[in-house]
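Asker: File name query.csv; file contents CSV, C-alpha atoms; full text below.
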chain,number,residue,atom,x,y,z
A,1,MET,CA,203.0,136.9,49.5
A,2,ALA,CA,201.6,139.7,47.4
A,3,SER,CA,201.6,143.3,48.8
A,4,SER,CA,199.5,146.3,47.9
A,5,LEU,CA,202.2,148.6,49.2
A,6,THR,CA,205.3,150.1,47.6
A,7,CYS,CA,208.6,149.9,49.4
A,8,ALA,CA,208.0,153.3,51.0
A,9,GLY,CA,204.5,152.0,52.1
A,10,VAL,CA,206.0,149.0,53.8
A,11,VAL,CA,208.4,151.2,55.7
A,12,TRP,CA,205.5,153.5,56.6
A,13,ALA,CA,203.5,150.5,57.8
A,14,PHE,CA,206.2,149.2,60.1
A,15,LEU,CA,207.1,152.7,61.5
A,16,SER,CA,203.3,153.3,62.0
A,17,PHE,CA,203.1,150.1,64.0
A,18,LEU,CA,206.1,151.0,66.1
A,19,CYS,CA,204.8,154.5,66.9
A,20,ALA,CA,201.3,153.2,67.7
A,21,ALA,CA,202.7,150.5,70.0
A,22,ALA,CA,204.9,153.1,71.8
A,23,SER,CA,201.9,155.5,72.1
A,24,CYS,CA,199.7,152.7,73.6
A,25,VAL,CA,202.4,151.7,76.1
A,26,GLY,CA,202.9,155.3,77.1
A,27,PHE,CA,199.1,155.7,77.5
A,28,PHE,CA,198.8,152.7,79.8
A,29,MET,CA,201.9,153.5,82.0
A,30,PRO,CA,201.3,155.5,85.1
A,31,TYR,CA,204.5,157.6,84.8
A,32,TRP,CA,203.3,160.8,83.2
A,33,LEU,CA,203.9,162.9,86.3
A,34,LEU,CA,206.5,162.0,88.9
A,35,GLY,CA,206.8,163.5,92.4
A,36,SER,CA,206.6,162.8,96.1
A,37,GLN,CA,203.9,163.1,98.7
A,38,LEU,CA,204.1,162.1,102.4
A,39,GLU,CA,207.8,161.3,101.8
A,40,LYS,CA,206.9,158.6,99.3
A,41,SER,CA,207.6,158.5,95.5
A,42,VAL,CA,204.3,159.1,93.6
A,43,SER,CA,203.5,158.8,89.9
A,44,PHE,CA,200.3,159.4,87.9
A,45,GLY,CA,199.0,158.6,84.4
A,46,THR,CA,195.7,159.6,83.0
A,47,PHE,CA,193.8,156.6,84.5
A,48,ARG,CA,196.5,154.8,86.6
A,49,ARG,CA,198.5,155.9,89.6
A,50,CYS,CA,201.2,154.5,91.8
A,51,SER,CA,201.6,155.2,95.6
A,52,TYR,CA,198.5,157.2,96.2
A,53,PRO,CA,197.0,158.6,99.5
A,54,VAL,CA,193.9,157.0,101.0
A,55,ARG,CA,192.0,158.1,104.1
A,56,ASP,CA,192.2,155.4,106.8
A,57,GLU,CA,189.0,155.9,108.8
A,58,SER,CA,189.9,153.5,111.6
A,59,ARG,CA,193.1,155.4,112.4
A,60,GLN,CA,191.7,158.8,111.3
A,61,MET,CA,194.7,159.6,109.2
A,62,THR,CA,195.9,159.6,105.6
A,63,VAL,CA,198.1,156.6,104.6
A,64,MET,CA,200.0,155.9,101.4
A,65,VAL,CA,199.0,152.8,99.4
A,66,GLU,CA,202.3,151.7,97.8
A,67,GLN,CA,201.0,150.0,94.7
A,68,CYS,CA,199.9,150.8,91.2
A,69,GLY,CA,196.3,150.7,90.3
A,70,ARG,CA,193.5,152.2,88.2
A,71,TYR,CA,190.9,154.6,89.4
A,72,ALA,CA,187.7,152.8,90.6
A,73,SER,CA,185.6,154.4,88.0
A,74,PHE,CA,185.8,157.0,85.2
A,75,GLN,CA,184.3,159.6,87.6
A,76,ALA,CA,187.0,158.8,90.2
A,77,ILE,CA,189.6,160.4,87.9
A,78,PRO,CA,190.6,163.6,89.8
A,79,SER,CA,189.4,166.3,87.4
A,80,ALA,CA,187.6,167.0,84.2
A,81,GLU,CA,190.9,167.8,82.5
A,82,TRP,CA,192.3,164.3,83.4
A,83,ARG,CA,189.1,162.7,82.1
A,84,ILE,CA,189.3,164.7,78.8
A,85,CYS,CA,192.9,163.7,78.4
A,86,THR,CA,192.1,160.0,79.0
A,87,VAL,CA,189.4,160.0,76.3
A,88,VAL,CA,191.4,162.0,73.8
A,89,THR,CA,194.6,160.1,74.3
A,90,GLY,CA,192.8,156.8,74.1
A,91,LEU,CA,191.0,157.9,70.9
A,92,GLY,CA,194.4,158.9,69.4
A,93,CYS,CA,196.0,155.6,70.3
A,94,GLY,CA,193.0,153.7,68.9
A,95,LEU,CA,193.2,155.6,65.6
A,96,LEU,CA,196.9,155.0,65.3
A,97,LEU,CA,196.5,151.3,66.0
A,98,LEU,CA,193.7,151.1,63.4
A,99,VAL,CA,195.8,152.6,60.7
A,100,ALA,CA,199.0,150.7,61.6
A,101,LEU,CA,197.2,147.3,61.6
A,102,THR,CA,195.5,148.1,58.3
A,103,ALA,CA,198.8,149.1,56.8
A,104,LEU,CA,200.5,145.9,58.1
A,105,MET,CA,197.7,143.8,56.6
A,106,GLY,CA,198.4,145.7,53.3
A,107,CYS,CA,201.9,144.2,53.4
A,108,CYS,CA,200.4,140.7,53.1
A,109,VAL,CA,197.2,141.2,51.1
A,110,SER,CA,197.3,142.4,47.5
A,111,GLU,CA,195.0,145.3,46.4
A,112,LEU,CA,194.0,146.1,50.0
A,113,ILE,CA,195.4,149.6,50.1
A,114,SER,CA,194.7,151.8,47.1
A,115,ARG,CA,196.0,155.3,46.6
A,116,THR,CA,192.8,156.7,48.1
A,117,VAL,CA,192.8,154.3,51.0
A,118,GLY,CA,196.4,155.3,51.7
A,119,ARG,CA,195.5,159.0,51.7
A,120,VAL,CA,192.5,158.4,54.0
A,121,ALA,CA,194.7,156.3,56.3
A,122,GLY,CA,197.3,159.1,56.4
A,123,GLY,CA,194.6,161.6,57.3
A,124,ILE,CA,193.3,159.3,60.1
A,125,GLN,CA,196.9,158.9,61.3
A,126,PHE,CA,197.4,162.6,61.3
A,127,LEU,CA,194.2,163.0,63.4
A,128,GLY,CA,195.3,160.4,65.8
A,129,GLY,CA,198.6,162.1,66.2
A,130,LYS,CA,196.9,165.4,66.9
A,131,CYS,CA,194.9,163.7,69.6
A,132,LEU,CA,198.1,162.6,71.3
A,133,CYS,CA,200.1,165.8,71.0
A,134,GLY,CA,197.9,168.4,69.5
A,135,GLU,CA,199.2,172.0,69.8
A,136,GLY,CA,196.9,174.6,71.1
A,137,MET,CA,194.6,172.2,73.0
A,138,GLY,CA,196.0,173.3,76.4
A,139,VAL,CA,195.0,170.0,78.1
A,140,SER,CA,198.5,169.2,79.2
A,141,MET,CA,199.0,172.6,80.8
A,142,LEU,CA,195.7,172.3,82.6
A,143,LEU,CA,196.7,168.9,83.9
A,144,VAL,CA,200.0,170.2,85.3
A,145,CYS,CA,198.3,173.1,86.9
A,146,THR,CA,195.6,171.0,88.4
A,147,PHE,CA,198.1,168.4,89.6
A,148,GLY,CA,200.3,171.0,91.2
A,149,ASP,CA,197.4,172.8,92.9
A,150,SER,CA,196.0,169.6,94.3
A,151,LEU,CA,199.3,168.8,96.0
A,152,GLY,CA,199.5,172.1,97.7
A,153,ALA,CA,202.4,173.2,95.5
In structure tokens, write the structure found in this file.
Answerer:
Amino acid sequence: MASSLTCAGVVWAFLSFLCAAASCVGFFMPYWLLGSQLEKSVSFGTFRRCSYPVRDESRQMTVMVEQCGRYASFQAIPSAEWRICTVVTGLGCGLLLLVALTALMGCCVSELISRTVGRVAGGIQFLGGKCLCGEGMGVSMLLVCTFGDSLGA
């Protein structure tokens, strides 16, 4: 099988794939913030949550639903900061996957990745990484503050 990558390129391709896969798993897991509410363990992700409060109108009280689930719609995500984080993190994961899968295909197909394509892929990968953990964006701090205030902390 011919490859368009050097030995360092093959290592980059496999590490890129591992990092992209780990980022996507982290994005889909609802364990970003852990805590307790109404004496139950609670966890949240950007668009998933586990053990969340729901108003039971028949009994006129709030009960805890002890299961994991997605928000019913994009607008049901608790705040604008959570929605921004969901979009930016999803975009970052998508970019990382795009580069990683292209690089893995470069391991099997000759002349797929040239020096220019490699540089562009590196730039896209950098942009995807900045979407996931960009400094100075302040989104993560806003999420923590919003989450803490909404629980009455």
Asker: Please, what distance in Å, to one decimal, runs between CA of Leu5 in chain A and CA of Ile113 in chain A?
Answerer: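 Result for CA of Leu5 in chain A versus CA of Ile113 in chain A: 6.9 Å, one decimal.
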Asker: I'd like the neighbourhood of Val87 in chain A as a ChimeraX atom specification, where a residue qualifies if any of its atoms comes within 12 Å (using all atoms listed in the file), though same-chain residues fewer than 6 positions away should be ignored.
Answerer: /A:27,46-47,74,77,80-81,93-94,131-132,139
Asker: With a distance cut-off of 9 Å and all atoms listed in the file, select the neighbouring residues of range 50-65 of chain A, excluding the residue or stretch itself and same-chain residues fewer than 5 positions from it, and output the selection as a PyMOL selection string.
Answerer: chain A and resi 30-31+37-38+40-45+70
Asker: Can you tell me how far CA of Val117 in chain A sits from CA of Leu15 in chain A, in Å to one decimal?
Answerer: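 One can read the CA of Val117 in chain A to CA of Leu15 in chain A distance as 17.8 Å.
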Asker: Using only C-alpha atoms, pick whichever of A:Leu96, A:Leu112, A:Leu104, A:Ala121 has the shortest atom-to-atom distance to Cys24 in chain A.
Answerer: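 Looking only at the distances to Cys24 in chain A, the closest residue turns out to be A:Leu96.
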Asker: Taking (192.4, 159.0, 62.2) in the file's coordinates, which residues come within 10 Å, counting all atoms listed in the file, written as a list of chain:residue names?
Answerer: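 Checking each residue against the 10 Å limit leaves A:Leu91, A:Gly92, A:Cys93, A:Gly94, A:Leu95, A:Leu96, A:Leu97, A:Leu98, A:Val99, A:Val120, A:Ala121, A:Gly122, A:Gly123, A:Ile124, A:Gln125, A:Phe126, A:Leu127, A:Gly128, A:Gly129, A:Lys130, A:Cys131.
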Asker: Can you measure CA of Arg115 in chain A to CA of Phe14 in chain A for me? One decimal in Å is fine.
Answerer: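 CA of Phe14 in chain A lies at a distance of 18.0 Å from CA of Arg115 in chain A.
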Asker: Would you pick out the contacts of Arg48 in chain A at 8 Å or less, using all atoms listed in the file, so that residues sharing its chain but fewer than 5 positions from it are not included, and give the list as JSON, numbers by chain?
Answerer: {"A": [28, 29, 30, 68, 69, 70, 71]}
Asker: Reconstruct N, CA and C atoms of range 16-39 of chain A from the incomplete input and present them as a PDB file, keeping the file's coordinate frame.
Answerer:
ATOM      1  N   SER A  16     204.656 153.021  61.439  1.00  0.00           N
ATOM      2  CA  SER A  16     203.300 153.300  62.000  1.00  0.00           C
ATOM      3  C   SER A  16     203.028 152.383  63.162  1.00  0.00           C
ATOM      4  N   PHE A  17     203.317 151.108  62.944  1.00  0.00           N
ATOM      5  CA  PHE A  17     203.100 150.100  64.000  1.00  0.00           C
ATOM      6  C   PHE A  17     203.924 150.386  65.221  1.00  0.00           C
ATOM      7  N   LEU A  18     205.200 150.681  65.010  1.00  0.00           N
ATOM      8  CA  LEU A  18     206.100 151.000  66.100  1.00  0.00           C
ATOM      9  C   LEU A  18     205.633 152.198  66.917  1.00  0.00           C
ATOM     10  N   CYS A  19     205.247 153.243  66.210  1.00  0.00           N
ATOM     11  CA  CYS A  19     204.800 154.500  66.900  1.00  0.00           C
ATOM     12  C   CYS A  19     203.458 154.230  67.609  1.00  0.00           C
ATOM     13  N   ALA A  20     202.554 153.483  67.005  1.00  0.00           N
ATOM     14  CA  ALA A  20     201.300 153.200  67.700  1.00  0.00           C
ATOM     15  C   ALA A  20     201.494 152.347  68.910  1.00  0.00           C
ATOM     16  N   ALA A  21     202.389 151.367  68.826  1.00  0.00           N
ATOM     17  CA  ALA A  21     202.700 150.500  70.000  1.00  0.00           C
ATOM     18  C   ALA A  21     203.312 151.362  71.110  1.00  0.00           C
ATOM     19  N   ALA A  22     204.257 152.233  70.768  1.00  0.00           N
ATOM     20  CA  ALA A  22     204.900 153.100  71.800  1.00  0.00           C
ATOM     21  C   ALA A  22     203.866 154.034  72.405  1.00  0.00           C
ATOM     22  N   SER A  23     202.963 154.566  71.606  1.00  0.00           N
ATOM     23  CA  SER A  23     201.900 155.500  72.100  1.00  0.00           C
ATOM     24  C   SER A  23     200.996 154.731  73.090  1.00  0.00           C
ATOM     25  N   CYS A  24     200.616 153.521  72.738  1.00  0.00           N
ATOM     26  CA  CYS A  24     199.700 152.700  73.600  1.00  0.00           C
ATOM     27  C   CYS A  24     200.408 152.361  74.911  1.00  0.00           C
ATOM     28  N   VAL A  25     201.672 151.976  74.842  1.00  0.00           N
ATOM     29  CA  VAL A  25     202.400 151.700  76.100  1.00  0.00           C
ATOM     30  C   VAL A  25     202.503 152.886  76.949  1.00  0.00           C
ATOM     31  N   GLY A  26     202.813 154.028  76.347  1.00  0.00           N
ATOM     32  CA  GLY A  26     202.900 155.300  77.100  1.00  0.00           C
ATOM     33  C   GLY A  26     201.540 155.640  77.726  1.00  0.00           C
ATOM     34  N   PHE A  27     200.462 155.375  77.015  1.00  0.00           N
ATOM     35  CA  PHE A  27     199.100 155.700  77.500  1.00  0.00           C
ATOM     36  C   PHE A  27     198.789 154.827  78.743  1.00  0.00           C
ATOM     37  N   PHE A  28     199.193 153.567  78.735  1.00  0.00           N
ATOM     38  CA  PHE A  28     198.800 152.700  79.800  1.00  0.00           C
ATOM     39  C   PHE A  28     199.791 152.775  81.027  1.00  0.00           C
ATOM     40  N   MET A  29     200.971 153.353  80.851  1.00  0.00           N
ATOM     41  CA  MET A  29     201.900 153.500  82.000  1.00  0.00           C
ATOM     42  C   MET A  29     201.565 154.631  82.863  1.00  0.00           C
ATOM     43  N   PRO A  30     201.707 154.467  84.172  1.00  0.00           N
ATOM     44  CA  PRO A  30     201.300 155.500  85.100  1.00  0.00           C
ATOM     45  C   PRO A  30     202.483 156.488  85.445  1.00  0.00           C
ATOM     46  N   TYR A  31     203.357 156.772  84.525  1.00  0.00           N
ATOM     47  CA  TYR A  31     204.500 157.600  84.800  1.00  0.00           C
ATOM     48  C   TYR A  31     204.553 158.912  84.114  1.00  0.00           C
ATOM     49  N   TRP A  32     203.386 159.518  83.896  1.00  0.00           N
ATOM     50  CA  TRP A  32     203.300 160.800  83.200  1.00  0.00           C
ATOM     51  C   TRP A  32     203.858 161.916  84.087  1.00  0.00           C
ATOM     52  N   LEU A  33     203.483 161.901  85.346  1.00  0.00           N
ATOM     53  CA  LEU A  33     203.900 162.900  86.300  1.00  0.00           C
ATOM     54  C   LEU A  33     204.569 162.189  87.479  1.00  0.00           C
ATOM     55  N   LEU A  34     205.766 162.613  87.836  1.00  0.00           N
ATOM     56  CA  LEU A  34     206.500 162.000  88.900  1.00  0.00           C
ATOM     57  C   LEU A  34     206.658 163.036  90.047  1.00  0.00           C
ATOM     58  N   GLY A  35     206.629 162.605  91.283  1.00  0.00           N
ATOM     59  CA  GLY A  35     206.800 163.500  92.400  1.00  0.00           C
ATOM     60  C   GLY A  35     206.876 162.744  93.700  1.00  0.00           C
ATOM     61  N   SER A  36     206.655 163.458  94.795  1.00  0.00           N
ATOM     62  CA  SER A  36     206.600 162.800  96.100  1.00  0.00           C
ATOM     63  C   SER A  36     205.522 163.430  96.936  1.00  0.00           C
ATOM     64  N   GLN A  37     204.969 162.622  97.813  1.00  0.00           N
ATOM     65  CA  GLN A  37     203.900 163.100  98.700  1.00  0.00           C
ATOM     66  C   GLN A  37     204.008 162.208  99.962  1.00  0.00           C
ATOM     67  N   LEU A  38     203.921 162.842 101.111  1.00  0.00           N
ATOM     68  CA  LEU A  38     204.100 162.100 102.400  1.00  0.00           C
ATOM     69  C   LEU A  38     205.362 161.330 102.425  1.00  0.00           C
ATOM     70  N   GLU A  39     206.425 161.911 101.875  1.00  0.00           N
ATOM     71  CA  GLU A  39     207.800 161.300 101.800  1.00  0.00           C
ATOM     72  C   GLU A  39     207.828 159.998 101.053  1.00  0.00           C
TER      73      GLU A  39
END
